[in-house]
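As stored in model.txt (compact mmCIF, C-alpha atoms and all ligand atoms):
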# COMPACT_ATOMS: atom_id res chain seq x y z
CA MET K 1 -8.48 -4.35 -22.75
CA ASP K 2 -4.84 -3.44 -23.33
CA ILE K 3 -2.41 -4.43 -20.53
CA LYS K 4 1.01 -2.74 -20.66
CA PRO K 5 3.74 -3.60 -18.14
CA LEU K 6 5.24 -0.51 -16.44
CA THR K 7 8.66 -2.03 -15.66
CA GLY K 8 10.42 -5.39 -15.71
CA GLY K 9 9.80 -5.86 -11.98
CA LEU K 10 6.15 -5.06 -11.31
CA GLY K 11 3.20 -2.89 -12.28
CA ALA K 12 0.95 -2.63 -15.34
CA GLU K 13 -1.25 0.00 -16.90
CA ILE K 14 -4.63 -1.15 -18.24
CA LEU K 15 -6.44 0.79 -20.92
CA GLY K 16 -9.91 0.15 -22.28
CA ALA K 17 -11.30 -1.60 -19.17
CA ASP K 18 -14.43 -0.73 -17.21
CA ILE K 19 -14.29 -1.86 -13.58
CA ARG K 20 -18.10 -1.82 -13.41
CA CYS K 21 -18.33 -4.73 -15.90
CA GLU K 22 -18.50 -8.04 -14.10
CA ASP K 23 -17.42 -9.96 -17.19
CA GLN K 24 -14.06 -8.11 -17.28
CA PHE K 25 -13.23 -8.94 -13.67
CA GLU K 26 -11.38 -12.25 -14.23
CA GLU K 27 -8.98 -10.61 -16.71
CA ILE K 28 -8.38 -7.72 -14.28
CA ARG K 29 -7.81 -10.11 -11.37
CA SER K 30 -5.35 -12.16 -13.36
CA ALA K 31 -3.38 -8.98 -14.33
CA PHE K 32 -3.36 -8.00 -10.65
CA ALA K 33 -1.98 -11.45 -9.70
CA GLU K 34 0.72 -11.21 -12.36
CA TYR K 35 1.87 -7.58 -11.86
CA SER K 36 1.06 -6.92 -8.13
CA VAL K 37 0.13 -3.31 -8.98
CA ILE K 38 -2.27 -2.33 -11.76
CA VAL K 39 -3.70 1.02 -12.77
CA LEU K 40 -6.95 1.12 -14.72
CA ARG K 41 -7.15 4.43 -16.58
CA ASN K 42 -10.25 6.54 -17.29
CA GLN K 43 -12.73 5.09 -14.80
CA SER K 44 -15.82 7.19 -14.21
CA ILE K 45 -17.22 5.64 -11.04
CA SER K 46 -19.30 6.51 -7.98
CA PRO K 47 -18.29 5.55 -4.42
CA GLU K 48 -20.82 2.66 -4.62
CA GLU K 49 -19.17 1.37 -7.80
CA HIS K 50 -15.73 1.66 -6.16
CA LEU K 51 -17.00 -0.48 -3.26
CA ALA K 52 -18.71 -2.99 -5.58
CA PHE K 53 -15.42 -3.48 -7.46
CA ALA K 54 -13.53 -3.96 -4.18
CA ARG K 55 -16.06 -6.55 -2.96
CA ARG K 56 -15.27 -8.73 -5.99
CA PHE K 57 -11.80 -9.18 -4.43
CA GLY K 58 -13.06 -9.85 -0.88
CA SER K 59 -14.62 -8.24 2.19
CA ILE K 60 -13.85 -4.62 2.97
CA ASN K 61 -11.45 -3.76 5.79
CA VAL K 62 -12.59 -0.48 7.36
CA ASN K 63 -9.55 1.64 8.23
CA ARG K 64 -9.65 2.86 11.84
CA PHE K 65 -7.54 5.98 11.42
CA PHE K 66 -8.27 7.71 8.10
CA LYS K 67 -11.13 10.19 7.86
CA PRO K 68 -14.00 8.38 6.11
CA VAL K 69 -15.78 9.77 3.05
CA GLU K 70 -19.07 11.34 4.15
CA GLY K 71 -21.87 8.80 3.84
CA HIS K 72 -19.39 6.00 3.05
CA PRO K 73 -17.68 4.75 6.23
CA GLU K 74 -15.92 1.97 4.27
CA ILE K 75 -14.04 4.48 2.08
CA ALA K 76 -11.01 6.31 3.51
CA THR K 77 -10.09 9.84 2.40
CA VAL K 78 -6.45 10.26 1.35
CA LEU K 79 -6.12 14.02 1.14
CA LYS K 80 -3.55 16.80 1.14
CA GLU K 81 -4.96 20.33 0.87
CA LYS K 82 -3.00 23.02 -0.96
CA ASP K 83 -1.98 24.75 2.28
CA GLN K 84 -0.85 21.54 4.01
CA LYS K 85 2.73 20.29 4.21
CA GLU K 86 2.47 16.59 5.14
CA ALA K 87 1.10 13.90 2.82
CA VAL K 88 -0.36 10.59 3.93
CA GLY K 89 1.94 7.62 3.32
CA GLU K 90 5.21 9.46 2.64
CA GLY K 91 7.42 6.70 4.10
CA TRP K 92 7.91 3.29 2.47
CA HIS K 93 5.24 1.01 3.94
CA THR K 94 2.80 -1.84 3.58
CA ASP K 95 -0.74 -0.88 4.64
CA HIS K 96 -2.09 -2.67 7.72
CA SER K 97 1.03 -4.79 8.36
CA TYR K 98 0.27 -4.18 12.07
CA ASP K 99 -2.88 -6.33 11.77
CA GLN K 100 -2.88 -10.04 12.61
CA GLU K 101 -4.29 -10.68 9.14
CA PRO K 102 -2.75 -7.89 7.02
CA ALA K 103 -5.00 -6.47 4.31
CA MET K 104 -4.80 -8.11 0.88
CA GLY K 105 -4.53 -4.76 -0.81
CA SER K 106 -5.91 -1.30 -1.34
CA ILE K 107 -7.82 0.23 -4.24
CA LEU K 108 -7.19 3.94 -4.76
CA HIS K 109 -9.44 6.12 -6.93
CA SER K 110 -7.89 9.44 -7.92
CA LEU K 111 -10.27 12.41 -7.88
CA ASP K 112 -8.19 15.56 -7.67
CA ILE K 113 -4.62 15.42 -8.96
CA PRO K 114 -1.96 18.15 -8.86
CA PRO K 115 -0.66 19.41 -12.24
CA TYR K 116 2.67 17.70 -11.50
CA GLY K 117 4.06 15.41 -8.81
CA GLY K 118 2.11 13.36 -6.28
CA ASP K 119 3.20 10.08 -7.90
CA THR K 120 3.23 6.80 -5.97
CA LEU K 121 6.26 4.49 -5.95
CA PHE K 122 5.99 0.72 -5.48
CA VAL K 123 8.59 -1.98 -4.74
CA SER K 124 8.37 -5.68 -5.61
CA MET K 125 9.22 -7.50 -2.38
CA ALA K 126 9.62 -10.81 -4.21
CA SER K 127 12.12 -9.36 -6.70
CA ALA K 128 14.03 -7.81 -3.80
CA TYR K 129 14.10 -11.13 -1.92
CA GLU K 130 15.20 -13.10 -4.98
CA ALA K 131 18.12 -10.69 -5.56
CA LEU K 132 19.62 -11.41 -2.11
CA SER K 133 22.45 -13.95 -1.84
CA SER K 134 21.36 -17.48 -0.94
CA LYS K 135 23.27 -17.17 2.38
CA MET K 136 21.32 -14.01 3.31
CA ARG K 137 18.02 -15.59 2.21
CA GLY K 138 18.89 -18.55 4.43
CA PHE K 139 19.54 -16.22 7.39
CA LEU K 140 16.28 -14.31 6.96
CA ASP K 141 14.09 -17.38 6.31
CA GLY K 142 12.62 -18.46 9.61
CA LEU K 143 12.94 -15.04 11.34
CA TRP K 144 9.83 -13.23 12.63
CA ALA K 145 9.27 -9.48 13.05
CA VAL K 146 6.98 -7.28 15.14
CA HIS K 147 4.78 -4.65 13.45
CA SER K 148 2.87 -1.91 15.28
CA SER K 149 0.34 0.87 14.64
CA ARG K 150 1.08 2.68 17.93
CA HIS K 151 3.99 4.93 16.95
CA VAL K 152 2.35 5.90 13.63
CA PHE K 153 -1.32 6.50 14.53
CA GLY K 154 -1.30 6.49 18.37
CA THR K 155 -1.63 9.23 20.97
CA ASP K 156 2.04 10.27 20.58
CA THR K 157 1.17 11.55 17.08
CA LEU K 158 -1.57 14.01 18.11
CA ASP K 159 0.75 16.94 17.36
CA THR K 160 1.14 16.13 13.68
CA GLU K 161 -0.57 18.17 10.98
CA ALA K 162 -2.50 15.07 9.82
CA ALA K 163 -4.00 14.57 13.30
CA LYS K 164 -4.60 18.27 13.99
CA SER K 165 -6.36 18.78 10.64
CA GLY K 166 -8.62 15.73 11.21
CA ARG K 167 -7.24 13.77 8.23
CA LEU K 168 -6.18 11.07 10.71
CA GLY K 169 -8.04 10.37 13.96
CA ASN K 170 -9.07 7.73 16.47
CA ALA K 171 -5.55 7.66 18.00
CA HIS K 172 -6.75 5.74 21.07
CA ALA K 173 -7.56 2.80 18.74
CA ALA K 174 -3.90 2.39 17.72
CA THR K 175 -3.29 -0.68 19.86
CA GLN K 176 -2.50 -3.23 17.15
CA ASP K 177 0.76 -5.17 17.25
CA ALA K 178 1.36 -8.26 15.15
CA VAL K 179 4.17 -10.74 14.52
CA HIS K 180 4.72 -11.94 10.94
CA PRO K 181 7.46 -13.94 9.18
CA VAL K 182 10.27 -11.76 7.76
CA VAL K 183 9.96 -13.82 4.57
CA ILE K 184 6.46 -14.91 3.57
CA THR K 185 5.09 -17.27 0.97
CA HIS K 186 2.57 -15.23 -0.99
CA PRO K 187 -0.88 -16.67 -0.25
CA LEU K 188 -1.96 -16.61 -3.92
CA SER K 189 1.17 -16.94 -6.07
CA GLY K 190 3.30 -19.06 -3.73
CA ARG K 191 6.26 -16.73 -4.54
CA ARG K 192 8.50 -15.92 -1.56
CA GLY K 193 9.08 -12.30 -0.62
CA LEU K 194 10.21 -9.99 2.18
CA PHE K 195 7.52 -8.77 4.59
CA VAL K 196 9.05 -6.01 6.75
CA ASN K 197 8.70 -2.26 6.14
CA PRO K 198 10.31 0.94 7.49
CA VAL K 199 7.08 2.51 8.83
CA PHE K 200 5.38 -0.25 10.79
CA THR K 201 8.05 -2.91 11.56
CA THR K 202 9.59 -2.27 14.99
CA GLU K 203 11.99 -5.20 15.52
CA ILE K 204 13.10 -8.66 14.46
CA LYS K 205 12.38 -11.14 17.22
CA GLY K 206 15.30 -12.92 18.87
CA LEU K 207 17.94 -10.33 17.81
CA SER K 208 19.36 -7.59 20.06
CA SER K 209 17.98 -4.12 19.27
CA GLU K 210 21.32 -3.18 17.58
CA GLU K 211 21.30 -6.38 15.48
CA SER K 212 17.64 -5.91 14.58
CA ALA K 213 18.20 -2.27 13.49
CA ALA K 214 21.26 -3.27 11.42
CA VAL K 215 19.50 -6.16 9.66
CA LEU K 216 16.35 -4.13 8.98
CA GLY K 217 18.51 -1.23 7.71
CA MET K 218 20.33 -3.58 5.33
CA ILE K 219 17.01 -4.99 4.02
CA TYR K 220 15.53 -1.49 3.56
CA ASP K 221 18.58 -0.18 1.66
CA HIS K 222 18.47 -3.25 -0.56
CA CYS K 223 14.71 -2.92 -1.29
CA LYS K 224 14.98 0.77 -2.24
CA GLN K 225 17.00 -0.01 -5.40
CA PRO K 226 15.26 1.36 -8.52
CA GLU K 227 15.49 -2.06 -10.22
CA PHE K 228 12.70 -3.33 -7.92
CA GLN K 229 10.45 -0.28 -8.34
CA CYS K 230 7.74 1.14 -10.53
CA ARG K 231 6.35 4.67 -10.46
CA LEU K 232 2.71 5.50 -10.99
CA ARG K 233 2.01 8.93 -12.51
CA TRP K 234 -1.61 9.55 -11.64
CA ARG K 235 -4.33 10.99 -13.83
CA ALA K 236 -7.78 11.96 -12.51
CA GLY K 237 -10.12 8.97 -12.91
CA ASP K 238 -7.45 6.31 -12.36
CA VAL K 239 -8.18 3.28 -10.21
CA ALA K 240 -5.05 1.53 -8.93
CA ILE K 241 -4.87 -1.71 -6.94
CA TRP K 242 -1.81 -3.02 -5.18
CA ASP K 243 -1.11 -6.24 -3.34
CA ASN K 244 0.13 -5.47 0.17
CA ARG K 245 1.68 -8.92 0.56
CA ALA K 246 3.86 -8.39 -2.51
CA THR K 247 4.76 -4.68 -2.42
CA TRP K 248 5.80 -1.60 -0.52
CA HIS K 249 4.53 1.82 -1.56
CA LYS K 250 5.31 5.46 -0.88
CA ALA K 251 3.46 8.67 -1.79
CA ILE K 252 5.81 11.36 -3.19
CA ASN K 253 5.16 14.68 -1.46
CA ASP K 254 6.43 17.09 -4.14
CA TYR K 255 3.33 19.14 -5.06
CA HIS K 256 3.16 21.82 -2.37
CA GLY K 257 0.52 24.46 -3.11
CA PHE K 258 -1.80 21.99 -4.87
CA ARG K 259 -4.60 19.72 -3.66
CA ARG K 260 -4.52 15.94 -4.05
CA LEU K 261 -7.59 13.81 -3.19
CA MET K 262 -7.95 10.05 -3.39
CA HIS K 263 -10.57 7.61 -2.13
CA ARG K 264 -9.13 4.38 -0.72
CA VAL K 265 -10.90 1.08 -0.15
CA THR K 266 -8.95 -1.72 1.53
CA VAL K 267 -9.71 -5.42 1.14
CA GLU K 268 -9.26 -7.99 3.91
CA GLY K 269 -6.38 -10.47 3.78
CA VAL K 270 -5.33 -13.63 5.59
CA ALA K 271 -2.73 -14.65 8.17
CA LEU K 272 0.74 -14.96 6.57
CA SER K 273 3.03 -18.01 6.62
CA PRO K 274 6.79 -18.44 6.08
C1 LIG I 301 -1.38 5.18 0.88
O1 LIG I 301 -0.32 5.07 1.47
O2 LIG I 301 -2.28 4.36 1.03
C2 LIG I 301 -1.62 6.36 -0.03
C3 LIG I 301 -0.76 6.29 -1.24
C4 LIG I 301 -0.89 7.52 -2.07
O3 LIG I 301 -1.59 8.45 -1.70
O4 LIG I 301 -0.27 7.57 -3.13

Using structure tokens, write down the structure from this file.
Amino acid sequence: MDIKPLTGGLGAEILGADIRCEDQFEEIRSAFAEYSVIVLRNQSISPEEHLAFARRFGSINVNRFFKPVEGHPEIATVLKEKDQKEAVGEGWHTDHSYDQEPAMGSILHSLDIPPYGGDTLFVSMASAYEALSSKMRGFLDGLWAVHSSRHVFGTDTLDTEAAKSGRLGNAHAATQDAVHPVVITHPLSGRRGLFVNPVFTTEIKGLSSEESAAVLGMIYDHCKQPEFQCRLRWRAGDVAIWDNRATWHKAINDYHGFRRLMHRVTVEGVALSP
């Protein structure tokens, strides 16, 4: 297989791999550990094969809010129809950061791709952390932040297009709040990185609400710099995996009038430590 880095910060494209082959898995896993986001091109797989690949990484985390694929409750549908305006995941976020044990990562299989647009952006949270001054790293080390699902998937969101169209549901189940370190040690690599995100993080504990908003705003502006990013231009048949403990991502909603359909499988993670 041919592994080509996408940028200097994170991400790699893999050609010539077949995710169904067990004997290729160690090489794929090691590329995933090194680059945090990998895209395996030209995969012709069934939902069962998607799940079998995900299970090599760990147990499946069944998403409570996304519409499941018919006959496959462990696979979430990530869909925008051509007449819809809102896309899933438009804000910078880390999937499942509102869980006590945030998911290790998600595996997206692209099925229907618009002729242009609909890319996904990723940020390396370790590169962003390492680029902060040592004084700022010292200030953030040891802080903890609250993450919540309520304001994103809860009953206050029933008026959104995603809820009304049935793409998102189960709003009454949005009761998860979790507290995680602002700076985590990655459970596999040991690299330190920021673990707050604009969609799910609600406050930094121990700061006033004004201080918390200012510090989070500073972190978010810092992380959005292009130097820490990579951009994935999807092709139908791609399978991409990202590490939620090492990245943010954001779906670009710039393909109005076209359909975009992905299947997403999420893999369980572990509790995070400073
Ligand atoms: C997601 O946020 O999980 C979906 C990302 C995408 O559709 O590009």

Contacts with ligand LIG 301 (chain I) at most 9 Å, all atoms listed in the file counted, listed as a list in words:
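Answer in the requested format: Val78, Leu79, Ala87, Val88, Gly89, Glu90, Gly91, Trp92, His93, Thr94, Asp95, Ser106, Ile107, Leu108, Ser110, Gly118, Asp119, Thr120, Leu121, Leu232, Trp234, His249, Lys250, Ala251, Ile252, Arg260, Leu261, Met262 and Arg264 of chain K.
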
Find the nearest atom pair between each residue of range 115-209 of chain K and range 35-39 of chain K for residues within 12 Å, count all atoms listed in the file, give distances in Å to one decimal, sort rows by chain and ascending number, and present the table as CSV.
residue,atom,partner,partner_atom,distance
K:Thr120,CA,K:Val37,CA,11.0
K:Leu121,CA,K:Val37,CA,10.4
K:Phe122,CA,K:Val37,CA,7.9
K:Val123,CA,K:Val37,CA,9.6
K:Ser124,CA,K:Ser36,CA,7.8
K:Met125,CA,K:Ser36,CA,10.0
K:Ala126,CA,K:Ser36,CA,10.2
K:Ser127,CA,K:Ser36,CA,11.4
K:His186,CA,K:Ser36,CA,11.1
K:Leu188,CA,K:Ser36,CA,11.0
K:Ser189,CA,K:Ser36,CA,10.2
K:Arg191,CA,K:Ser36,CA,11.7

Sort by chain and increasing residue number a table of all residues of range 97-151 of chain K within 9 Å of range 193-200 of chain K, each with its closest pair of atoms and their distance in Å to one decimal, counting only C-alpha atoms, and write it as CSV.
residue,atom,partner,partner_atom,distance
K:Ser97,CA,K:Phe200,CA,6.7
K:Tyr98,CA,K:Phe200,CA,6.6
K:Ser124,CA,K:Gly193,CA,8.3
K:Met125,CA,K:Gly193,CA,5.1
K:Ala126,CA,K:Gly193,CA,3.9
K:Ser127,CA,K:Gly193,CA,7.4
K:Ala128,CA,K:Gly193,CA,7.4
K:Tyr129,CA,K:Gly193,CA,5.3
K:Glu130,CA,K:Gly193,CA,7.6
K:Leu140,CA,K:Leu194,CA,8.9
K:Ala145,CA,K:Val196,CA,7.2
K:Val146,CA,K:Phe200,CA,8.4
K:His147,CA,K:Phe200,CA,5.2
K:Ser148,CA,K:Phe200,CA,5.4
K:Ser149,CA,K:Phe200,CA,6.4
K:Arg150,CA,K:Phe200,CA,8.8
K:His151,CA,K:Phe200,CA,8.2

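A straight line drawn from CA of Ser44 in chain K to CA of Pro102 in chain K is 29.1 Å long.
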
Would you give me, as JSON lines, each residue of range 37-139 of chain K having an atom within 7 Å of an atom of range 158-180 of chain K, along with its shortest atom pair and that distance in Å to one decimal, using all atoms listed in the file and sorting by chain and residue number?
{"residue": "K:Arg64", "atom": "CA", "partner": "K:Asn170", "partner_atom": "CA", "distance": 6.7}
{"residue": "K:Phe65", "atom": "CA", "partner": "K:Gly169", "partner_atom": "CA", "distance": 5.1}
{"residue": "K:Phe66", "atom": "CA", "partner": "K:Leu168", "partner_atom": "CA", "distance": 4.7}
{"residue": "K:Lys67", "atom": "CA", "partner": "K:Arg167", "partner_atom": "CA", "distance": 5.3}
{"residue": "K:Glu86", "atom": "CA", "partner": "K:Glu161", "partner_atom": "CA", "distance": 6.8}
{"residue": "K:Tyr98", "atom": "CA", "partner": "K:Ala178", "partner_atom": "CA", "distance": 5.2}
{"residue": "K:Asp99", "atom": "CA", "partner": "K:Ala178", "partner_atom": "CA", "distance": 5.8}
{"residue": "K:Gln100", "atom": "CA", "partner": "K:Ala178", "partner_atom": "CA", "distance": 5.3}

Proximity of range 7-33 of chain K to range 212-227 of chain K: per-residue shortest pair, 10 Å limit, all atoms listed in the file, as a tab-separated table:
residue	atom	partner	partner_atom	distance
K:Thr7	CA	K:Glu227	CA	8.7
K:Gly8	CA	K:Glu227	CA	8.2
K:Gly9	CA	K:Glu227	CA	7.1
K:Leu10	CA	K:Glu227	CA	9.9

Using CA of Ala240 in chain K and CA of Pro181 in chain K as the two end points, give the distance in Å to one decimal.
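Distance between the two atoms: 26.9 Å.
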
Which neighbours of Tyr255 in chain K fall inside 10 Å, counting all atoms listed in the file, when residues of the same chain fewer than 2 positions from it are skipped, and could you give them as a PyMOL selection string?
chain K and resi 80+82+85+87+113-119+252-253+257-260

Rank K:Leu143, K:Ala236, K:Met136, K:Ala12 by their smallest atom-to-atom distance to Lys205 in chain K, using all atoms listed in the file, and report the top residue only.
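The closest residue to Lys205 in chain K is K:Leu143.
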
Would you compute the distance between CA of Arg20 in chain K and CA of Phe53 in chain K? Give it in Å to one decimal.
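One can read the CA of Arg20 in chain K to CA of Phe53 in chain K distance as 6.7 Å.
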
Of K:Val239, K:Ser46, K:Asn244, K:Pro187, the one nearest to Glu13 in chain K when counting all atoms listed in the file is K:Val239

Which one of K:Asp18, K:Glu27, K:Glu211, K:Asp141 sits closest to Asn42 in chain K if you count all atoms listed in the file?
K:Asp18

Among the residues K:Gly142, K:Met1, K:Trp242, K:Val265, the one that comes closest to Gly206 in chain K [using only C-alpha atoms]
K:Gly142

Six-sided padding of 6 Å per side, axis-aligned box over range 65-83 of chain K, centre and edges in Å, one decimal, as lines of an AutoDock Vina configuration file:
center_x = -11.9
center_y = 13.4
center_z = 5.2
size_x = 31.9
size_y = 34.8
size_z = 24.4
